[in-house]
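Student: Hey, dropping work_31.pdb in here, PDB, C-alpha atoms:
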ATOM      1  CA  MET A   1      -3.563  -1.092 -12.507  1.00  0.00           C
ATOM      2  CA  SER A   2      -2.309  -2.998  -9.471  1.00  0.00           C
ATOM      3  CA  ASP A   3       1.407  -2.249  -9.670  1.00  0.00           C
ATOM      4  CA  LYS A   4       3.065  -1.047  -6.493  1.00  0.00           C
ATOM      5  CA  ILE A   5       4.937   2.228  -6.983  1.00  0.00           C
ATOM      6  CA  LYS A   6       7.687   1.506  -4.463  1.00  0.00           C
ATOM      7  CA  ILE A   7      10.086   4.036  -2.921  1.00  0.00           C
ATOM      8  CA  ASP A   8      13.533   2.923  -3.990  1.00  0.00           C
ATOM      9  CA  LYS A   9      15.623   6.066  -3.497  1.00  0.00           C
ATOM     10  CA  THR A  10      15.815   8.623  -0.700  1.00  0.00           C
ATOM     11  CA  GLU A  11      18.181  11.514  -0.110  1.00  0.00           C
ATOM     12  CA  GLY A  12      18.639  13.905   2.779  1.00  0.00           C
ATOM     13  CA  GLY A  13      18.347  13.105   6.461  1.00  0.00           C
ATOM     14  CA  ASN A  14      19.229   9.720   7.905  1.00  0.00           C
ATOM     15  CA  SER A  15      15.655   8.660   8.762  1.00  0.00           C
ATOM     16  CA  GLY A  16      14.638   8.882   5.091  1.00  0.00           C
ATOM     17  CA  LYS A  17      16.015   5.375   4.604  1.00  0.00           C
ATOM     18  CA  ASP A  18      13.010   4.134   6.611  1.00  0.00           C
ATOM     19  CA  LEU A  19      10.821   5.023   3.614  1.00  0.00           C
ATOM     20  CA  LYS A  20      12.525   2.538   1.261  1.00  0.00           C
ATOM     21  CA  GLY A  21      10.090  -0.190   0.315  1.00  0.00           C
ATOM     22  CA  CYS A  22       6.983   1.803   1.237  1.00  0.00           C
ATOM     23  CA  TYR A  23       4.664   2.068  -1.746  1.00  0.00           C
ATOM     24  CA  PHE A  24       1.700   3.701  -3.456  1.00  0.00           C
ATOM     25  CA  LEU A  25      -1.099   1.593  -4.872  1.00  0.00           C
ATOM     26  CA  ALA A  26      -3.851   2.888  -7.133  1.00  0.00           C
ATOM     27  CA  THR A  27      -7.371   2.742  -5.717  1.00  0.00           C
ATOM     28  CA  THR A  28     -10.579   2.094  -7.626  1.00  0.00           C
ATOM     29  CA  THR A  29     -11.085   5.889  -7.774  1.00  0.00           C
ATOM     30  CA  ALA A  30      -9.405   7.447 -10.819  1.00  0.00           C
ATOM     31  CA  ASN A  31      -6.180   9.339 -10.038  1.00  0.00           C
ATOM     32  CA  CYS A  32      -6.209   8.306  -6.354  1.00  0.00           C
ATOM     33  CA  TYR A  33      -3.716   6.226  -4.395  1.00  0.00           C
ATOM     34  CA  ASP A  34      -3.160   4.739  -0.958  1.00  0.00           C
ATOM     35  CA  PHE A  35       0.297   4.702   0.664  1.00  0.00           C
ATOM     36  CA  TYR A  36       1.534   1.612   2.536  1.00  0.00           C
ATOM     37  CA  ASP A  37       4.468   0.603   4.724  1.00  0.00           C
ATOM     38  CA  THR A  38       6.636  -2.428   3.913  1.00  0.00           C
ATOM     39  CA  ASN A  39       4.272  -4.690   5.889  1.00  0.00           C
ATOM     40  CA  ASN A  40       1.288  -3.683   3.705  1.00  0.00           C
ATOM     41  CA  ASN A  41      -0.277  -1.507   6.422  1.00  0.00           C
ATOM     42  CA  PRO A  42      -1.928   1.684   5.121  1.00  0.00           C
ATOM     43  CA  LEU A  43      -0.188   4.891   6.212  1.00  0.00           C
ATOM     44  CA  ALA A  44      -2.310   7.333   4.179  1.00  0.00           C
ATOM     45  CA  THR A  45      -5.406   6.817   2.033  1.00  0.00           C
ATOM     46  CA  ASP A  46      -7.264   8.660  -0.707  1.00  0.00           C
ATOM     47  CA  ILE A  47      -4.261  10.594  -2.012  1.00  0.00           C
ATOM     48  CA  CYS A  48      -5.648  12.115  -5.219  1.00  0.00           C
ATOM     49  CA  THR A  49      -3.463  13.675  -7.884  1.00  0.00           C
ATOM     50  CA  THR A  50      -6.229  16.172  -8.645  1.00  0.00           C
ATOM     51  CA  THR A  51      -5.002  18.177  -5.628  1.00  0.00           C
ATOM     52  CA  ASN A  52      -2.272  20.668  -6.510  1.00  0.00           C
ATOM     53  CA  PRO A  53       0.149  21.091  -4.891  1.00  0.00           C
ATOM     54  CA  LEU A  54      -0.201  17.584  -3.541  1.00  0.00           C
ATOM     55  CA  SER A  55       0.898  16.894   0.032  1.00  0.00           C
ATOM     56  CA  PHE A  56      -0.146  14.554   2.828  1.00  0.00           C
ATOM     57  CA  SER A  57       0.929  13.522   6.318  1.00  0.00           C
ATOM     58  CA  PHE A  58       1.004  10.322   8.336  1.00  0.00           C
ATOM     59  CA  ASP A  59       1.841   9.731  11.976  1.00  0.00           C
ATOM     60  CA  ASN A  60       3.768   7.235  14.037  1.00  0.00           C
ATOM     61  CA  PHE A  61       5.748   5.522  11.273  1.00  0.00           C
ATOM     62  CA  GLU A  62       9.076   4.297  12.652  1.00  0.00           C
ATOM     63  CA  GLY A  63       8.354   6.513  15.662  1.00  0.00           C
ATOM     64  CA  PHE A  64       8.054   9.779  13.722  1.00  0.00           C
ATOM     65  CA  ASN A  65       5.360  11.982  12.192  1.00  0.00           C
ATOM     66  CA  TRP A  66       5.941  12.497   8.464  1.00  0.00           C
ATOM     67  CA  THR A  67       4.893  14.999   5.795  1.00  0.00           C
ATOM     68  CA  PHE A  68       5.227  14.445   2.048  1.00  0.00           C
ATOM     69  CA  SER A  69       5.058  17.594  -0.081  1.00  0.00           C
ATOM     70  CA  ASN A  70       5.507  18.510  -3.760  1.00  0.00           C
ATOM     71  CA  VAL A  71       4.247  15.002  -4.537  1.00  0.00           C
ATOM     72  CA  LEU A  72       4.000  13.889  -8.166  1.00  0.00           C
ATOM     73  CA  ILE A  73       2.387  10.515  -8.952  1.00  0.00           C
ATOM     74  CA  SER A  74       1.874   8.868 -12.329  1.00  0.00           C
ATOM     75  CA  ALA A  75       0.929   5.321 -13.322  1.00  0.00           C
ATOM     76  CA  ASP A  76       4.457   3.990 -12.693  1.00  0.00           C
ATOM     77  CA  THR A  77       6.516   6.668 -10.913  1.00  0.00           C
ATOM     78  CA  ALA A  78       6.260   9.027  -7.967  1.00  0.00           C
ATOM     79  CA  SER A  79       8.500  11.581  -6.268  1.00  0.00           C
ATOM     80  CA  GLY A  80       8.440  14.288  -3.659  1.00  0.00           C
ATOM     81  CA  VAL A  81       9.934  15.856  -0.574  1.00  0.00           C
ATOM     82  CA  TRP A  82       9.745  14.259   2.869  1.00  0.00           C
ATOM     83  CA  SER A  83      10.152  15.723   6.342  1.00  0.00           C
ATOM     84  CA  ASN A  84       9.632  14.405   9.856  1.00  0.00           C
ATOM     85  CA  ASN A  85      10.175  15.213  13.505  1.00  0.00           C
ATOM     86  CA  ALA A  86      13.169  12.884  13.989  1.00  0.00           C
ATOM     87  CA  ASP A  87      15.181  15.538  15.810  1.00  0.00           C
ATOM     88  CA  ALA A  88      14.991  19.147  16.946  1.00  0.00           C
ATOM     89  CA  GLN A  89      16.033  20.405  13.504  1.00  0.00           C
ATOM     90  CA  GLU A  90      13.537  18.233  11.606  1.00  0.00           C
ATOM     91  CA  GLU A  91      14.988  15.874   9.091  1.00  0.00           C
ATOM     92  CA  GLU A  92      14.048  16.322   5.452  1.00  0.00           C
ATOM     93  CA  GLY A  93      14.997  15.121   2.008  1.00  0.00           C
ATOM     94  CA  THR A  94      13.622  13.785  -1.260  1.00  0.00           C
ATOM     95  CA  TRP A  95      12.264  10.426  -2.380  1.00  0.00           C
ATOM     96  CA  GLU A  96      11.644   8.658  -5.675  1.00  0.00           C
ATOM     97  CA  ALA A  97       9.521   5.623  -6.461  1.00  0.00           C
ATOM     98  CA  GLY A  98       8.786   3.376  -9.403  1.00  0.00           C
ATOM     99  CA  THR A  99       7.132   0.105 -10.371  1.00  0.00           C
ATOM    100  CA  GLY A 100      10.501  -1.468 -11.118  1.00  0.00           C
ATOM    101  CA  GLU A 101       9.771  -2.040 -14.800  1.00  0.00           C
ATOM    102  CA  GLU A 102      12.554   0.338 -15.844  1.00  0.00           C
ATOM    103  CA  GLU A 103      15.048  -1.512 -13.609  1.00  0.00           C
ATOM    104  CA  VAL A 104      14.180  -4.858 -15.176  1.00  0.00           C
ATOM    105  CA  ALA A 105      14.625  -3.426 -18.680  1.00  0.00           C
ATOM    106  CA  ALA A 106      17.946  -1.846 -17.684  1.00  0.00           C
ATOM    107  CA  ALA A 107      19.167  -5.192 -16.359  1.00  0.00           C
ATOM    108  CA  GLY A 108      18.403  -6.767 -19.724  1.00  0.00           C
ATOM    109  CA  ARG A 109      15.836  -9.211 -18.348  1.00  0.00           C
TER     110      ARG A 109
END
What do you get writing this file as structure tokens?
Tutor:
Amino acid sequence: MSDKIKIDKTEGGNSGKDLKGCYFLATTTANCYDFYDTNNNPLATDICTTTNPLSFSFDNFEGFNWTFSNVLISADTASGVWSNNADAQEEEGTWEAGTGEEEVAAAGR
């Protein structure tokens, strides 16, 4: 289970686009994941789906402090709500991620 579950869609505030390409990767611990930036640097570790509701935070990514909440992660998809301190009114929105297998099938490859 080494497939990257990559963020491919964000909605909401403008800074959410910075999340595109970041990804979750399963760890050796069942139901746990690490979250990485596009340069393969860990942003958050030991994110376990046994926690409900699932949320986590990471600091100093693209100059902002981020919180992910209402996070759902499965073997090939993930989604949730993001927020950060990009401006005085805090930006927020949603994100979706996948392994890309559905996209390949949809493209007929």
Student: How many Å lie between CA of Phe68 in chain A and CA of Thr29 in chain A, rounded to one decimal?
Tutor: 20.9 Å
Student: Taking 3 positions as the minimum chain separation for residues in the same chain, which residues sit within 10 Å of range 44-50 of chain A when counting all atoms listed in the file? Answer as a ChimeraX atom specification.
Tutor: /A:24-27,29-37,41,53-59,71-74
Student: Please define a box with edges along x, y and z of the file around all atoms of range 88-97 of chain A given in the file, extend it by 5 Å on each side, and return its centre and edge lengths in Å to one decimal, as AutoDock Vina command-line options.
Tutor:
--center_x 12.8 --center_y 13.0 --center_z 5.2 --size_x 16.5 --size_y 24.8 --size_z 33.4
Student: The residues within 9 Å of (4.4, 4.4, -9.7), using only C-alpha atoms and the coordinates of the file, should be reported as number ranges by chain; which are they?
Tutor: A: 3-7, 23-26, 73-79, 97-100
Student: Which value, in Å to one decimal, gives the distance between CA of Asn14 in chain A and CA of Thr51 in chain A?
Tutor: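 CA of Asn14 in chain A sits 29.0 Å away from CA of Thr51 in chain A.
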Student: Write a file for range 43-69 of chain A, containing N, CA, C and O atoms (output as a tab-separated table (two decimals), in the first residue's frame).
Tutor:
chain	number	residue	atom	x	y	z
A	43	LEU	N	4.79	17.05	6.43
A	43	LEU	CA	4.13	18.18	7.08
A	43	LEU	C	3.44	17.74	8.36
A	43	LEU	O	3.38	18.49	9.33
A	44	ALA	N	2.91	16.52	8.37
A	44	ALA	CA	2.24	15.96	9.56
A	44	ALA	C	2.43	14.45	9.51
A	44	ALA	O	2.41	13.84	8.44
A	45	THR	N	2.64	13.84	10.68
A	45	THR	CA	2.86	12.40	10.74
A	45	THR	C	1.89	11.73	11.71
A	45	THR	O	1.29	12.40	12.55
A	46	ASP	N	1.77	10.44	11.56
A	46	ASP	CA	0.92	9.62	12.43
A	46	ASP	C	-0.53	10.13	12.50
A	46	ASP	O	-1.09	10.33	13.57
A	47	ILE	N	-1.11	10.34	11.32
A	47	ILE	CA	-2.51	10.73	11.22
A	47	ILE	C	-3.31	9.42	11.12
A	47	ILE	O	-3.24	8.73	10.10
A	48	CYS	N	-4.01	9.07	12.17
A	48	CYS	CA	-4.69	7.77	12.23
A	48	CYS	C	-6.19	7.94	12.09
A	48	CYS	O	-6.80	8.77	12.78
A	49	THR	N	-6.78	7.14	11.22
A	49	THR	CA	-8.21	7.24	10.94
A	49	THR	C	-9.05	6.70	12.08
A	49	THR	O	-10.28	6.77	12.02
A	50	THR	N	-8.42	6.18	13.12
A	50	THR	CA	-9.17	5.69	14.27
A	50	THR	C	-9.64	6.85	15.15
A	50	THR	O	-10.45	6.66	16.05
A	51	THR	N	-9.13	8.05	14.89
A	51	THR	CA	-9.56	9.25	15.62
A	51	THR	C	-10.77	9.83	14.92
A	51	THR	O	-10.77	10.00	13.70
A	52	ASN	N	-11.82	10.14	15.68
A	52	ASN	CA	-13.04	10.67	15.08
A	52	ASN	C	-13.62	11.75	15.97
A	52	ASN	O	-13.84	11.48	17.14
A	53	PRO	N	-13.87	12.96	15.51
A	53	PRO	CA	-13.57	13.41	14.14
A	53	PRO	C	-12.07	13.63	13.97
A	53	PRO	O	-11.38	14.02	14.90
A	54	LEU	N	-11.59	13.36	12.78
A	54	LEU	CA	-10.17	13.45	12.50
A	54	LEU	C	-9.80	14.86	12.06
A	54	LEU	O	-10.40	15.42	11.15
A	55	SER	N	-8.81	15.44	12.73
A	55	SER	CA	-8.27	16.74	12.34
A	55	SER	C	-6.80	16.77	12.71
A	55	SER	O	-6.35	16.02	13.57
A	56	PHE	N	-6.04	17.63	12.04
A	56	PHE	CA	-4.63	17.81	12.36
A	56	PHE	C	-4.18	19.17	11.84
A	56	PHE	O	-4.84	19.79	11.00
A	57	SER	N	-3.06	19.64	12.36
A	57	SER	CA	-2.52	20.94	11.97
A	57	SER	C	-1.06	20.80	11.57
A	57	SER	O	-0.38	19.86	11.99
A	58	PHE	N	-0.60	21.74	10.76
A	58	PHE	CA	0.82	21.82	10.42
A	58	PHE	C	1.16	23.29	10.20
A	58	PHE	O	0.33	24.08	9.79
A	59	ASP	N	2.39	23.64	10.54
A	59	ASP	CA	2.80	25.04	10.53
A	59	ASP	C	3.80	25.34	9.42
A	59	ASP	O	4.50	24.46	8.94
A	60	ASN	N	3.83	26.61	9.07
A	60	ASN	CA	4.83	27.16	8.16
A	60	ASN	C	4.90	26.43	6.82
A	60	ASN	O	5.98	26.09	6.34
A	61	PHE	N	3.76	26.17	6.21
A	61	PHE	CA	3.71	25.66	4.85
A	61	PHE	C	3.25	26.81	3.96
A	61	PHE	O	2.18	27.37	4.18
A	62	GLU	N	4.07	27.18	3.01
A	62	GLU	CA	3.83	28.33	2.13
A	62	GLU	C	3.59	29.59	2.96
A	62	GLU	O	2.83	30.48	2.57
A	63	GLY	N	4.22	29.66	4.13
A	63	GLY	CA	4.16	30.84	4.97
A	63	GLY	C	2.96	30.92	5.90
A	63	GLY	O	2.79	31.92	6.60
A	64	PHE	N	2.13	29.89	5.92
A	64	PHE	CA	0.91	29.91	6.74
A	64	PHE	C	0.86	28.72	7.69
A	64	PHE	O	1.52	27.71	7.48
A	65	ASN	N	0.02	28.83	8.70
A	65	ASN	CA	-0.28	27.72	9.61
A	65	ASN	C	-1.63	27.16	9.19
A	65	ASN	O	-2.60	27.92	9.02
A	66	TRP	N	-1.72	25.86	9.02
A	66	TRP	CA	-2.89	25.20	8.44
A	66	TRP	C	-3.55	24.27	9.44
A	66	TRP	O	-2.90	23.66	10.27
A	67	THR	N	-4.88	24.10	9.28
A	67	THR	CA	-5.64	23.09	10.01
A	67	THR	C	-6.51	22.35	9.01
A	67	THR	O	-7.19	22.97	8.19
A	68	PHE	N	-6.47	21.03	9.07
A	68	PHE	CA	-7.38	20.17	8.31
A	68	PHE	C	-8.39	19.61	9.30
A	68	PHE	O	-8.00	19.08	10.35
A	69	SER	N	-9.67	19.69	8.98
A	69	SER	CA	-10.70	19.14	9.86
A	69	SER	C	-11.69	18.33	9.03
A	69	SER	O	-11.68	18.38	7.80
